[in-house]
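> Dropping the structure in here first, questions after.
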Amino acid sequence: MPDAPTPDPEAATTVTDGDPAVGLTTPGGPDRKSPWRWVPSLYFAEGLPYIIVMALAVILYKRLGMSNADIALYTSWLYLPWVIKPFWSPLVDVLKTKRWWIVVTQVLIGGGLAGVALTIPTDAWVQGTLAFFWLLAFSSATHDIAADGFYMLALDEHDQAWYVGIRSTFYRAAVIAASGLVPMLAGALEASTGLGAVDVPVEVVATSEEALPTPGANAAPAVPIQLTSVAQDTLGRSQPELSLEDQARIDEARAAARAQEDALLDNRQTQEISLDDLDPETRARVLREIGREDLITSDPAAAAPSTGLEGDATAPDPSSRATLDSLGDEAATSRTGEASVPLDGELRLLVENRAAEVPLALRDPAEIDALIAQVRAANQAAGFYATEDAAAAAAAAAADEGSSLWQRVVSEPLGRVIEAAFGEPAPEVSATAGNIGLVEFRLSGPPPAGEAVPVNFGFDDGDQSVKLVEGERFTFTDANWDTPFTAVVQLDPKLREPTSASFRATSGNIPLAWSISFVALAGLFLALMAWHAFALPRPDSDVPHGERGGLGGVAGYLVFLLAFAPTLLIVLVPMMIYGLIFPRRTGPWGKVFSALPFSDTPFAQTIVTFFQKPEIGIAIAFIVFYRFAEAQLVKLAAPFLLDSIEAGGLGLTTGEVGFVYGTVGVASLTIGGILGGIVAARDGLKTWLWPMVIAINAPNAVYLLLAIFEPQSFALINIAVIVEQFGYGFGFSALLLYAIYVADGPNKTAHYAIATGLWALGMMIPGMFSGWLQEIVGYERFFLWVLLATIPSFLVAARVHIDPEFGKKKDEPAAAS
């Protein structure tokens, strides 16, 4: 789950709380529309785009085939607007009313959602969607500033306290909608826009006692899995008992028979070809595959090819001659196990032999590798991997242009070191390899011109000793629909007992499904905008505060920010190190920022005084590093659940991931957060700091267990996510309360906003490299690293100082008698 803290009643995101006209005691003015008309919808609108950018974008990009490294990098960069929003909030306060900003940013958010929907189906979907996600991010961060400030202006102190639970509830409702309901909608659309799932059960059988593999035994010759005629033709050539001459004759006969079959089934324009022109074996096979077993005869004479000569006993009766023309659409059926059902114009995904058997035997590894490479090359040549080919071409072009300085100096050498030390070990070189089988897919007809049919094929259930080694994702087009795509399954060479597994192919239109989902989101948000343009009150205090220096003050503040940003980048790490070494010292950091130009302006002073707070070094280190491990986990959790078993994931569907995180996950996160607030209010933050540190970090171990054992039980996966999300919600309470603790004093609202920007920075930077690291070491070792990455959280917690009384409910003073 992304960072989605409960809004705090005393902490908005504007840096103008020093203004006496903008405070908690400001009445709403004469326009007193019921808060029920706008508070729930306003905070639903605040939460929705944040979760879309931080969580939904991850699922979207994973379903569109983006790599984990790119997903984590691009979506982590989107934290930047929330990192820097405290520093541009004065512009929101000075230039226009907060009501105006709310309506305008909601228009921009609705337009951005529509832009994402329109660019998903295009060739430039990466650049297009990212551009609109950036628009969403900046608009959403600005909306947060305006909405929180407006809440304080439009309500008096009593109403602010009363409605804080309402706004938190509807913020959580937005989390459920964006991270749960939308993926479930997209998943349903993926299924409904596809061609229907196709199951391929595989039975692993022993052909004989001698064929069973035994430790130390040599590879035994075996007949490969009998799935397709291509499998038989290709793999049958590896049998050693045939002489070269015999094998050549068999190959020639097979090629001729296959050519006849192809001519009949694939070239519908060749009307002269007749079934009676085929040899008996091919004729019988073709008739079975097109559902006309009634034309098969066991009489050799009747089945023999006719010479066509008058008086020939085998000459066919013209009235009963079965030609391609007389069979009509039945001749267009694919050579599949479903071919007995005549096509009725509906496009379908077809697969050869729904039930198959794989002989349990060992093979020569070189032979198996060569066959897999041959299949892969054939698939690539047919254009089934168009996306991958384009990516490879782009990578080759980038390589020709030369690596960047960062790649040459940092990422590539570091990646090699990490891979050598912690990457998944190379498979052991063995004298034997597990038997393999081929599965052929094709479409029943061409898709509409210009449209593609992406297919995902992977493990579904059963023994994971049967693995898919080729054909996880492929695409049919109007150019290759009648060319068979070949997937390869392989047995583990250590497998010694008969077993079974099931694989599933799904073919939903993923871009269309997600485009529709984002269109729905855009419509919803524009409806919210229209409602708020009508329903939001117009408090007298909601006016631009130009008296704070006017345009000159804004210009001076911008100059200060231009100097402040690089200075902060330079001193941030030394500041945190200093705080870890000398946690009770303030350090010289306030003086550093006071020396910047225009630091004495009201806006700049709000920032400078934050870095003059006592013990600010260790405070910043705690805020930045408290979720160092969680920041990496959150970017890979959804990809891990969505990735196939073959890729190390759990193979959940889009809808299942939406259910896991958007319903039970959010519920457990909310319960954990509520419980954390209750115990901290009772006993104080200091008492519960260590339990909360453990709670936010230790449950990350459930992902390591999921990666190791790869459970297929959906209930078990839900339980694991519930444990992790409850721990996160409970542990996050410590960070939320500590930010309030640090912000206490003058300008507390602005200082709390700066603290939230720093914790967004703590999520952004670790998330950026998490996907790159996972692709190097794999999921299992990545989640092990995540556990090691919890050490900084424990370290900063050990060095931080908290008043033992902070957070406890204070007793009301006794009334004077």
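Following the order of the structure tokens, chains are lettered A, B, ..., residues in each are numbered from 1, and ligands are numbered from 1.
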Would you mind listing what lies within 10 Å of region 578-580 of chain A as a list in words, with only C-alpha atoms counted and same-chain residues fewer than 2 positions away left out?

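So the residues in contact are Leu572, Val573, Pro574, Met575, Met576, Phe582, Pro583, Arg584, Arg585, Thr586, Gly587, Glu615, Ile616, Gly617, Ile618, Ala619, Ile620, Ala621, Phe622, Leu795, Val796, Ala798, Arg799 and Val800 of chain A.
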
> Quick one: residues within 7 Å of region 683-697 of chain A, only C-alpha atoms counted, chain neighbours fewer than 4 positions away excluded, as a PyMOL selection string?

chain A and resi 679+727-728+730-732+734+790+794+802-808

> Do you know which residues are at most 6 Å from region 192-194 of chain A counting only C-alpha atoms, after dropping those on the same chain fewer than 3 positions away, and could you put them as an MDAnalysis selection string?

chainID A and resid 189 507:509

> Can you list, as an MDAnalysis selection string, all residues belonging to region 571-782 of chain A that DSSP tags as helix (DSSP H, G or I)?

chainID A and resid 571:581 589:594 602:610 616:625 628:642 654:683 685:709 714:743 748:782

> Would you list the contacts of Val103 (chain A) as a PyMOL selection string, taking every protein, DNA or RNA residue within 9 Å and counting only C-alpha atoms, but skipping same-chain residues closer than 5 positions in sequence?

chain A and resi 98+108+143+529-530+532-533

> For a quick check of understanding, using only C-alpha atoms, which of A:Thr169, A:Gln127, A:Ser89, A:Gln106 has the smallest distance to Ser140 (chain A)?

A:Gln106

> Residues within 7 Å of region 647-657 of chain A, please, as a VMD selection string. Count only C-alpha atoms; anything in the same chain fewer than 6 positions from it doesn't count.

chain A and resid 183 to 184 187 to 188 640 to 641 707 710 779

> Could those selected residues go to a file with N, CA, C and O atoms, as a PDB file, in the first residue's frame?


ATOM      1  N   PRO A 183      -8.981  -1.607  -9.669  1.00  0.00           N
ATOM      2  CA  PRO A 183      -8.364  -2.828 -10.209  1.00  0.00           C
ATOM      3  C   PRO A 183      -9.356  -3.962 -10.416  1.00  0.00           C
ATOM      4  O   PRO A 183      -9.216  -4.742 -11.368  1.00  0.00           O
ATOM      5  N   MET A 184     -10.334  -4.078  -9.541  1.00  0.00           N
ATOM      6  CA  MET A 184     -11.337  -5.123  -9.728  1.00  0.00           C
ATOM      7  C   MET A 184     -12.163  -4.864 -10.985  1.00  0.00           C
ATOM      8  O   MET A 184     -12.497  -5.803 -11.733  1.00  0.00           O
ATOM      9  N   GLY A 187      -9.905  -5.650 -13.879  1.00  0.00           N
ATOM     10  CA  GLY A 187      -9.785  -7.098 -14.014  1.00  0.00           C
ATOM     11  C   GLY A 187     -11.014  -7.719 -14.658  1.00  0.00           C
ATOM     12  O   GLY A 187     -10.902  -8.617 -15.498  1.00  0.00           O
ATOM     13  N   ALA A 188     -12.196  -7.243 -14.264  1.00  0.00           N
ATOM     14  CA  ALA A 188     -13.426  -7.753 -14.879  1.00  0.00           C
ATOM     15  C   ALA A 188     -13.482  -7.391 -16.352  1.00  0.00           C
ATOM     16  O   ALA A 188     -13.910  -8.208 -17.194  1.00  0.00           O
ATOM     17  N   PHE A 640       4.841  -8.282  -7.431  1.00  0.00           N
ATOM     18  CA  PHE A 640       5.091  -9.637  -6.940  1.00  0.00           C
ATOM     19  C   PHE A 640       3.817 -10.473  -6.977  1.00  0.00           C
ATOM     20  O   PHE A 640       3.825 -11.634  -7.401  1.00  0.00           O
ATOM     21  N   LEU A 641       2.715  -9.892  -6.548  1.00  0.00           N
ATOM     22  CA  LEU A 641       1.458 -10.633  -6.573  1.00  0.00           C
ATOM     23  C   LEU A 641       0.992 -10.905  -7.999  1.00  0.00           C
ATOM     24  O   LEU A 641       0.387 -11.944  -8.277  1.00  0.00           O
ATOM     25  N   ALA A 707       7.397 -15.604  -1.045  1.00  0.00           N
ATOM     26  CA  ALA A 707       8.309 -15.832  -2.165  1.00  0.00           C
ATOM     27  C   ALA A 707       8.962 -17.202  -2.086  1.00  0.00           C
ATOM     28  O   ALA A 707       9.227 -17.832  -3.113  1.00  0.00           O
ATOM     29  N   GLU A 710       5.589 -19.854  -2.229  1.00  0.00           N
ATOM     30  CA  GLU A 710       4.691 -19.637  -3.356  1.00  0.00           C
ATOM     31  C   GLU A 710       3.342 -20.331  -3.159  1.00  0.00           C
ATOM     32  O   GLU A 710       2.931 -21.169  -3.956  1.00  0.00           O
ATOM     33  N   TYR A 779      12.949 -12.058  -6.549  1.00  0.00           N
ATOM     34  CA  TYR A 779      12.019 -11.693  -5.481  1.00  0.00           C
ATOM     35  C   TYR A 779      12.464 -12.218  -4.115  1.00  0.00           C
ATOM     36  O   TYR A 779      12.389 -11.508  -3.105  1.00  0.00           O
TER      37      TYR A 779
END

> For each of A:Ala381, A:Val554, A:Met66, A:Leu438, take the minimum atom-to-atom distance to Asp93 (chain A), counting only C-alpha atoms, then give the residue where this is smallest.

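The shortest atom-to-atom distance to Asp93 (chain A) comes from A:Val554.
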
> Could you list, as a PyMOL selection string, every residue within 6 Å of Gly662 (chain A), counting only C-alpha atoms and ignoring same-chain residues fewer than 6 positions away?

chain A and resi 176+179-180

> For CA of Ala124 (chain A) and CA of Thr486 (chain A), determine how far apart the two atoms are, in Å to one decimal place.

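CA of Thr486 (chain A) lies at a distance of 28.9 Å from CA of Ala124 (chain A).
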
> As an exercise, work out the distance from CA of Phe783 (chain A) to CA of Leu636 (chain A) in Å and give it to one decimal place.

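Going from CA of Phe783 (chain A) over to CA of Leu636 (chain A) covers 9.4 Å.
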
> To one decimal place in Å, what is the distance between CA of Phe459 (chain A) and CA of Thr506 (chain A)?

11.5 Å

> So, with only C-alpha atoms as the atoms that count, which of A:Phe603, A:Phe610, A:Tyr171, A:Phe384 lies closest to Ala743 (chain A)?

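Of the candidates, the smallest distance to Ala743 (chain A) is held by A:Phe610.
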